[in-house]
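Okay, final.cif now, which holds mmCIF, C-alpha atoms:
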data_run
loop_
_atom_site.label_atom_id
_atom_site.label_comp_id
_atom_site.auth_asym_id
_atom_site.auth_seq_id
_atom_site.Cartn_x
_atom_site.Cartn_y
_atom_site.Cartn_z
CA MET A 1 -26.40 77.84 -10.40
CA THR A 2 -26.40 74.13 -11.17
CA ARG A 3 -28.44 72.12 -8.70
CA LEU A 4 -27.04 68.79 -7.63
CA ARG A 5 -30.22 67.38 -6.07
CA LEU A 6 -32.68 64.83 -7.35
CA PRO A 7 -36.19 64.30 -5.93
CA SER A 8 -36.10 61.79 -3.09
CA THR A 9 -38.64 59.53 -4.82
CA LEU A 10 -36.50 59.40 -7.93
CA LEU A 11 -33.38 58.71 -5.87
CA LEU A 12 -35.18 55.86 -4.11
CA GLY A 13 -36.19 54.31 -7.42
CA ILE A 14 -32.67 54.54 -8.75
CA CYS A 15 -31.28 53.08 -5.54
CA LEU A 16 -33.57 50.04 -5.69
CA ALA A 17 -32.64 49.44 -9.31
CA LEU A 18 -28.93 49.66 -8.53
CA ALA A 19 -29.27 47.39 -5.52
CA PHE A 20 -30.19 44.49 -7.81
CA ALA A 21 -27.74 45.39 -10.60
CA PRO A 22 -24.52 43.42 -11.11
CA ALA A 23 -21.49 44.80 -9.29
CA LYS A 24 -19.80 45.52 -12.62
CA ALA A 25 -22.66 47.49 -14.11
CA ALA A 26 -20.12 49.84 -15.69
CA ASP A 27 -18.97 47.00 -17.97
CA GLY A 28 -22.29 46.81 -19.81
CA TYR A 29 -23.33 50.43 -19.96
CA ASP A 30 -21.39 53.65 -20.38
CA PRO A 31 -23.39 56.62 -19.09
CA TRP A 32 -20.66 59.16 -19.86
CA PRO A 33 -21.93 60.35 -23.28
CA GLY A 34 -25.33 61.10 -21.75
CA LEU A 35 -23.70 62.87 -18.79
CA VAL A 36 -21.70 65.07 -21.15
CA GLN A 37 -24.99 66.13 -22.69
CA ASP A 38 -26.88 66.57 -19.42
CA ILE A 39 -24.17 68.27 -17.35
CA PHE A 40 -22.03 70.02 -19.95
CA ALA A 41 -24.54 70.61 -22.78
CA ASN A 42 -22.38 68.51 -25.13
CA LYS A 43 -19.62 71.10 -25.08
CA PRO A 44 -16.43 69.67 -26.67
CA MET A 45 -13.79 68.38 -24.27
CA GLN A 46 -10.09 67.99 -24.72
CA ASP A 47 -7.70 65.51 -23.10
CA GLY A 48 -6.83 67.01 -19.72
CA GLY A 49 -3.76 64.89 -19.01
CA ASN A 50 -1.54 67.98 -19.00
CA VAL A 51 -4.05 70.09 -17.09
CA LEU A 52 -5.41 68.02 -14.21
CA SER A 53 -4.92 64.73 -12.39
CA ILE A 54 -7.47 62.71 -10.43
CA GLU A 55 -6.20 60.43 -7.68
CA MET A 56 -8.40 57.71 -6.16
CA PRO A 57 -7.76 54.15 -4.96
CA THR A 58 -8.42 51.52 -7.62
CA ARG A 59 -10.25 49.40 -5.04
CA ALA A 60 -11.87 51.31 -2.19
CA GLU A 61 -11.60 49.97 1.36
CA ASP A 62 -14.87 51.69 2.33
CA ALA A 63 -17.23 52.71 -0.47
CA SER A 64 -18.86 55.38 1.72
CA VAL A 65 -15.62 57.34 2.31
CA VAL A 66 -13.47 57.06 -0.81
CA PRO A 67 -10.65 59.63 -0.90
CA VAL A 68 -10.24 61.72 -4.04
CA THR A 69 -7.63 64.36 -4.87
CA LEU A 70 -7.79 66.73 -7.83
CA ARG A 71 -4.45 68.31 -8.68
CA SER A 72 -3.55 71.02 -11.19
CA LYS A 73 -0.76 70.14 -13.62
CA LEU A 74 -0.51 73.57 -15.22
CA SER A 75 3.01 74.93 -15.19
CA PRO A 76 3.72 78.30 -13.52
CA ALA A 77 4.56 79.67 -16.98
CA ASP A 78 1.09 78.82 -18.34
CA ASP A 79 -1.01 81.99 -18.50
CA ARG A 80 -4.23 79.97 -18.22
CA ARG A 81 -5.77 79.05 -14.90
CA ILE A 82 -8.46 76.63 -13.78
CA LYS A 83 -11.81 78.31 -13.11
CA THR A 84 -13.92 75.29 -12.12
CA ILE A 85 -13.57 71.55 -11.65
CA THR A 86 -16.63 69.29 -11.89
CA LEU A 87 -16.36 65.83 -10.33
CA VAL A 88 -18.61 63.18 -11.90
CA ILE A 89 -19.03 59.65 -10.51
CA ASP A 90 -20.61 58.07 -13.56
CA GLN A 91 -22.53 55.18 -11.99
CA ASN A 92 -23.78 57.00 -8.90
CA PRO A 93 -27.53 57.73 -8.61
CA ALA A 94 -26.74 61.46 -8.84
CA PRO A 95 -23.52 61.38 -10.90
CA MET A 96 -22.56 65.04 -10.51
CA ALA A 97 -20.81 64.78 -7.16
CA ALA A 98 -19.45 68.31 -6.78
CA LYS A 99 -18.48 71.45 -8.61
CA PHE A 100 -15.51 73.41 -7.29
CA THR A 101 -15.10 77.09 -8.20
CA LEU A 102 -11.58 78.40 -7.63
CA GLY A 103 -10.90 81.95 -6.48
CA SER A 104 -9.31 84.00 -9.25
CA ASP A 105 -6.35 85.07 -7.09
CA ALA A 106 -6.12 82.12 -4.69
CA ASN A 107 -4.06 79.84 -6.96
CA VAL A 108 -5.69 76.65 -5.65
CA THR A 109 -3.60 73.77 -7.01
CA ALA A 110 -4.96 70.74 -5.10
CA ILE A 111 -8.33 69.77 -3.64
CA SER A 112 -9.05 66.62 -1.63
CA THR A 113 -12.31 65.29 -0.24
CA ARG A 114 -14.17 62.02 0.43
CA VAL A 115 -16.99 60.63 -1.66
CA ARG A 116 -19.49 57.79 -1.81
CA VAL A 117 -19.19 55.33 -4.68
CA ASN A 118 -22.24 53.18 -5.38
CA ASN A 119 -20.92 50.83 -8.06
CA TYR A 120 -17.85 49.91 -10.08
CA THR A 121 -17.45 53.08 -12.09
CA ASP A 122 -15.45 55.54 -14.11
CA VAL A 123 -14.91 58.83 -12.31
CA HIS A 124 -14.37 61.94 -14.44
CA ALA A 125 -12.99 65.34 -13.52
CA VAL A 126 -13.68 68.18 -15.95
CA ALA A 127 -11.72 71.42 -15.66
CA GLU A 128 -12.92 74.65 -17.22
CA LEU A 129 -9.99 76.96 -17.94
CA THR A 130 -9.81 80.67 -18.55
CA ASP A 131 -9.35 79.91 -22.26
CA GLY A 132 -13.01 78.82 -22.27
CA GLN A 133 -12.18 75.18 -23.01
CA LEU A 134 -13.10 72.04 -21.06
CA TYR A 135 -10.44 69.44 -20.26
CA VAL A 136 -11.29 65.96 -18.96
CA VAL A 137 -9.46 63.17 -17.12
CA LYS A 138 -10.79 59.95 -15.67
CA THR A 139 -10.00 56.99 -13.44
CA PHE A 140 -11.76 53.75 -12.54
CA VAL A 141 -12.82 52.76 -9.01
CA LYS A 142 -13.97 49.36 -7.77
CA ALA A 143 -16.49 49.95 -4.98
CA SER A 144 -20.16 49.31 -4.34
CA GLY A 145 -22.92 50.30 -1.96
CA GLY A 146 -21.45 53.60 -0.82
CA CYS A 147 -24.60 55.66 -1.30
CA SER A 148 -26.80 53.30 0.71
CA ALA A 149 -24.26 52.41 3.43
CA PRO A 150 -25.52 53.15 6.97
CA ALA A 151 -24.27 56.33 8.59
CA ALA A 152 -21.14 55.95 10.70
CA LYS A 153 -22.70 57.86 13.59
CA ASN A 154 -26.01 57.26 15.32
CA PRO A 155 -28.77 59.79 14.54
CA ASP A 156 -28.52 61.62 17.88
CA GLU A 157 -24.75 62.00 17.60
CA ALA A 158 -25.02 63.15 14.00
CA LYS A 159 -27.71 65.69 14.91
CA ALA A 160 -25.59 67.08 17.74
CA ARG A 161 -22.69 67.68 15.33
CA ILE A 162 -24.65 69.50 12.63
CA GLY A 163 -22.99 72.78 11.75
CA GLN A 164 -19.85 72.25 13.83
CA MET A 165 -16.84 73.46 11.86
CA ARG A 166 -13.15 72.75 12.17
CA TYR A 167 -10.28 74.52 10.47
CA ARG A 168 -6.71 73.32 10.28
CA GLN A 169 -3.56 74.74 8.74
CA PHE A 170 -0.72 72.42 7.74
CA THR A 171 2.96 73.27 7.71
CA GLN A 172 4.36 73.60 4.22
CA SER A 173 7.80 72.20 3.49
CA GLY A 174 10.37 74.06 1.43
CA ASP A 175 9.63 77.65 0.55
CA GLY A 176 5.93 77.51 1.38
CA ALA A 177 6.09 80.26 3.97
CA SER A 178 8.08 82.66 1.80
CA SER A 179 5.99 82.01 -1.32
CA GLY A 180 2.67 82.38 0.51
CA ILE A 181 1.60 78.82 -0.28
CA ARG A 182 -0.70 77.36 2.38
CA GLU A 183 -2.40 74.01 2.90
CA ALA A 184 -5.60 73.94 4.92
CA GLN A 185 -8.60 71.77 5.72
CA VAL A 186 -12.19 72.67 6.62
CA MET A 187 -14.65 70.12 8.01
CA VAL A 188 -18.39 70.59 8.50
CA GLY A 189 -20.23 68.31 10.89
CA HIS A 190 -23.26 67.00 9.00
CA PRO A 191 -24.87 63.57 8.34
CA ASN A 192 -25.02 64.34 4.60
CA ASN A 193 -27.79 61.78 4.19
CA SER A 194 -27.98 60.55 0.62
CA GLY A 195 -31.70 59.67 0.64
CA LEU A 196 -30.72 56.07 -0.10
CA GLN A 197 -29.86 54.97 3.44
CA MET A 198 -32.29 52.94 5.52
CA ASP A 199 -33.13 53.62 9.16
CA GLN A 200 -32.12 50.40 10.88
CA LEU A 201 -35.00 50.65 13.39
CA THR A 202 -37.93 51.73 11.23
CA GLN A 203 -36.68 50.13 7.98
CA LEU A 204 -37.71 53.36 6.22
CA TYR A 205 -35.46 55.38 3.95
CA ILE A 206 -33.92 58.46 5.54
CA PRO A 207 -34.70 61.62 3.50
CA ALA A 208 -31.85 63.26 1.63
CA PHE A 209 -30.27 65.99 3.76
CA PHE A 210 -26.84 67.32 2.89
CA VAL A 211 -24.55 70.33 2.60
CA ASP A 212 -25.09 71.75 -0.88
CA GLN A 213 -22.96 74.89 -0.65
CA LEU A 214 -19.63 75.67 1.03
CA THR A 215 -17.70 78.91 0.52
CA LEU A 216 -14.17 79.49 1.81
CA SER A 217 -12.60 82.93 1.81
CA GLN A 218 -9.67 84.92 3.20
CA ASP A 219 -10.59 88.44 4.31
CA GLY A 220 -13.55 88.48 1.92
CA LYS A 221 -11.67 87.16 -1.12
CA LEU A 222 -12.86 83.82 -2.50
CA VAL A 223 -10.49 80.90 -2.10
CA LEU A 224 -12.82 78.05 -3.05
CA SER A 225 -16.52 77.34 -3.25
CA VAL A 226 -18.16 73.94 -3.49
CA GLU A 227 -21.58 72.89 -4.76
CA GLY A 228 -22.08 69.47 -3.22
CA GLY A 229 -24.50 66.59 -3.74
CA ILE A 230 -25.40 63.26 -2.18
CA SER A 231 -22.07 61.72 -3.21
CA ILE A 232 -20.09 63.76 -0.67
CA SER A 233 -19.47 61.67 2.44
CA GLU A 234 -20.77 62.24 5.95
CA ASP A 235 -19.07 65.17 7.75
CA PRO A 236 -17.86 66.83 4.52
CA ASN A 237 -14.26 67.96 4.59
CA ILE A 238 -12.18 69.75 2.01
CA ARG A 239 -8.38 69.88 2.08
CA PHE A 240 -6.70 72.27 -0.35
CA THR A 241 -3.61 74.28 -1.18
CA TYR A 242 -3.81 77.97 -1.95
CA VAL A 243 -1.76 81.16 -1.87
CA SER A 244 -2.24 83.51 1.05
CA ASN A 245 -3.02 87.14 0.24
CA GLY A 246 -1.80 88.21 3.64
CA ALA A 247 -5.28 87.92 5.14
CA LYS A 248 -5.71 87.89 8.90
CA HIS A 249 -8.87 85.78 8.90
CA PHE A 250 -10.15 82.67 7.15
CA ARG A 251 -13.92 82.20 6.85
CA ALA A 252 -16.21 79.29 6.01
CA GLU A 253 -19.91 79.58 5.20
CA ALA A 254 -22.04 76.49 4.54
CA ARG A 255 -25.68 75.85 3.68
CA ASP A 256 -27.63 72.61 3.65
CA THR A 257 -30.71 71.42 1.79
CA GLN A 258 -33.02 72.39 4.65
CA GLY A 259 -31.85 75.99 4.48
CA HIS A 260 -29.65 75.95 7.58
CA VAL A 261 -26.67 78.30 7.32
CA PHE A 262 -23.46 77.70 9.24
CA GLU A 263 -20.51 80.07 9.41
CA HIS A 264 -17.27 80.43 11.30
CA GLU A 265 -14.13 82.54 11.15
CA TRP A 266 -10.63 81.74 12.41
CA PRO A 267 -7.22 83.45 12.47
CA ALA A 268 -5.74 82.68 9.05
CA GLU A 269 -2.51 81.23 10.46
CA GLY A 270 -4.12 79.05 13.11
CA SER A 271 -6.34 76.02 13.55
CA GLY A 272 -9.48 75.60 15.58
CA THR A 273 -13.17 74.79 15.92
#
Take the structure from the file and write it as structure tokens.
Amino acid sequence: MTRLRLPSTLLLGICLALAFAPAKAADGYDPWPGLVQDIFANKPMQDGGNVLSIEMPTRAEDASVVPVTLRSKLSPADDRRIKTITLVIDQNPAPMAAKFTLGSDANVTAISTRVRVNNYTDVHAVAELTDGQLYVVKTFVKASGGCSAPAAKNPDEAKARIGQMRYRQFTQSGDGASSGIREAQVMVGHPNNSGLQMDQLTQLYIPAFFVDQLTLSQDGKLVLSVEGGISISEDPNIRFTYVSNGAKHFRAEARDTQGHVFEHEWPAEGSGT
């Protein structure tokens, strides 16, 4: 399994270097070729414009909580399906933000979350399909300082929320109910410290501490799993569409970098905490 962590000392060094870099660092250096080698072992990639879309604001209002939506563009007649989607924020200290693995029978067609963006940057999404090929799309985001931005909650409040989970189902318009299509959201209370944030009282860097694994299932069948890194925002939440298999229960299991395991189960058709 690919690990999305970097040693805290290395992250600190990268953070300090980026802090003094020009806001448009992406203009002078393109890290993408090196990332293709490091993350994807230089495997060839094809244009994914007909496979996947990536939706992000061109200019982020808050660099620490930038919304991103990944959406399948495969037609129902296409016999291929998306197996994984890897989200890469090129100029972030740890560029590999998340890897999403889609359940083989869940027909996940959209995934939304919130990420930190540390500098003006290209953001790539790479889909691996069942044909064994990789397909890539990208967008550009103007934001800076997201990885080192102070936490929104104070340390005591953040600690009290660790492991709290919320689940919400959304009403689908049209024939959603008859087709089995569902839209849901799971949130995990967690500070998701990047390792690059400074304690405002001690002026020391807060160690990296984040949710690195989240698995969502319906009656034991995988819907979606997420390998997360420091780029996922505080209180990680994932919103997604999928096809119900008639399950009675929806389950979330999460793990963080200190080995804590959190789990919760809800009625599949409901919402709750």
Interatomic distance (Å, one decimal) between CA of Pro76 (chain A) and CA of Val108 (chain A):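 About the pair CA of Pro76 (chain A) and CA of Val108 (chain A): they are 12.4 Å apart.
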For Ser72 (chain A), the nearest of the candidates A:Phe240, A:Phe209, A:Phe40, A:Tyr167, counting all atoms listed in the file: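 Among the listed residues, A:Phe240 lies closest to Ser72 (chain A).
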Spatial neighbours of Thr241 (chain A), max dist 6 Å, only C-alpha atoms, sep filter under 5 positions, as a list in words: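 Residues near the query, excluding close chain neighbours: Val108, Thr109, Ala110, Arg182 and Glu183 of chain A.
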CA of Lys142 (chain A) to CA of Tyr29 (chain A), straight-line distance in Å: 15.4 Å
Residues matched by the PyMOL selection byres ((chain A and resi 206) around 6), written as a PyMOL selection string: chain A and resi 195+197-198+205+207
For Glu265 (chain A), the nearest of the candidates A:Val186, A:Val123, A:Val137, A:Val226, counting only C-alpha atoms: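 Between A:Val186, A:Val123, A:Val137, A:Val226, the residue approaching Glu265 (chain A) most closely is A:Val186.
Closest approach to Ile54 (chain A) from the set A:Val126, A:Val115, A:Ala97, A:Leu222 is made by A:Val126, with distances taken over all atoms listed in the file.
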Evaluate the PyMOL selection byres ((chain A and resi 243-260) around 7) and report residues as a ChimeraX atom specification: /A:106-107,180-182,209-219,242,261-268
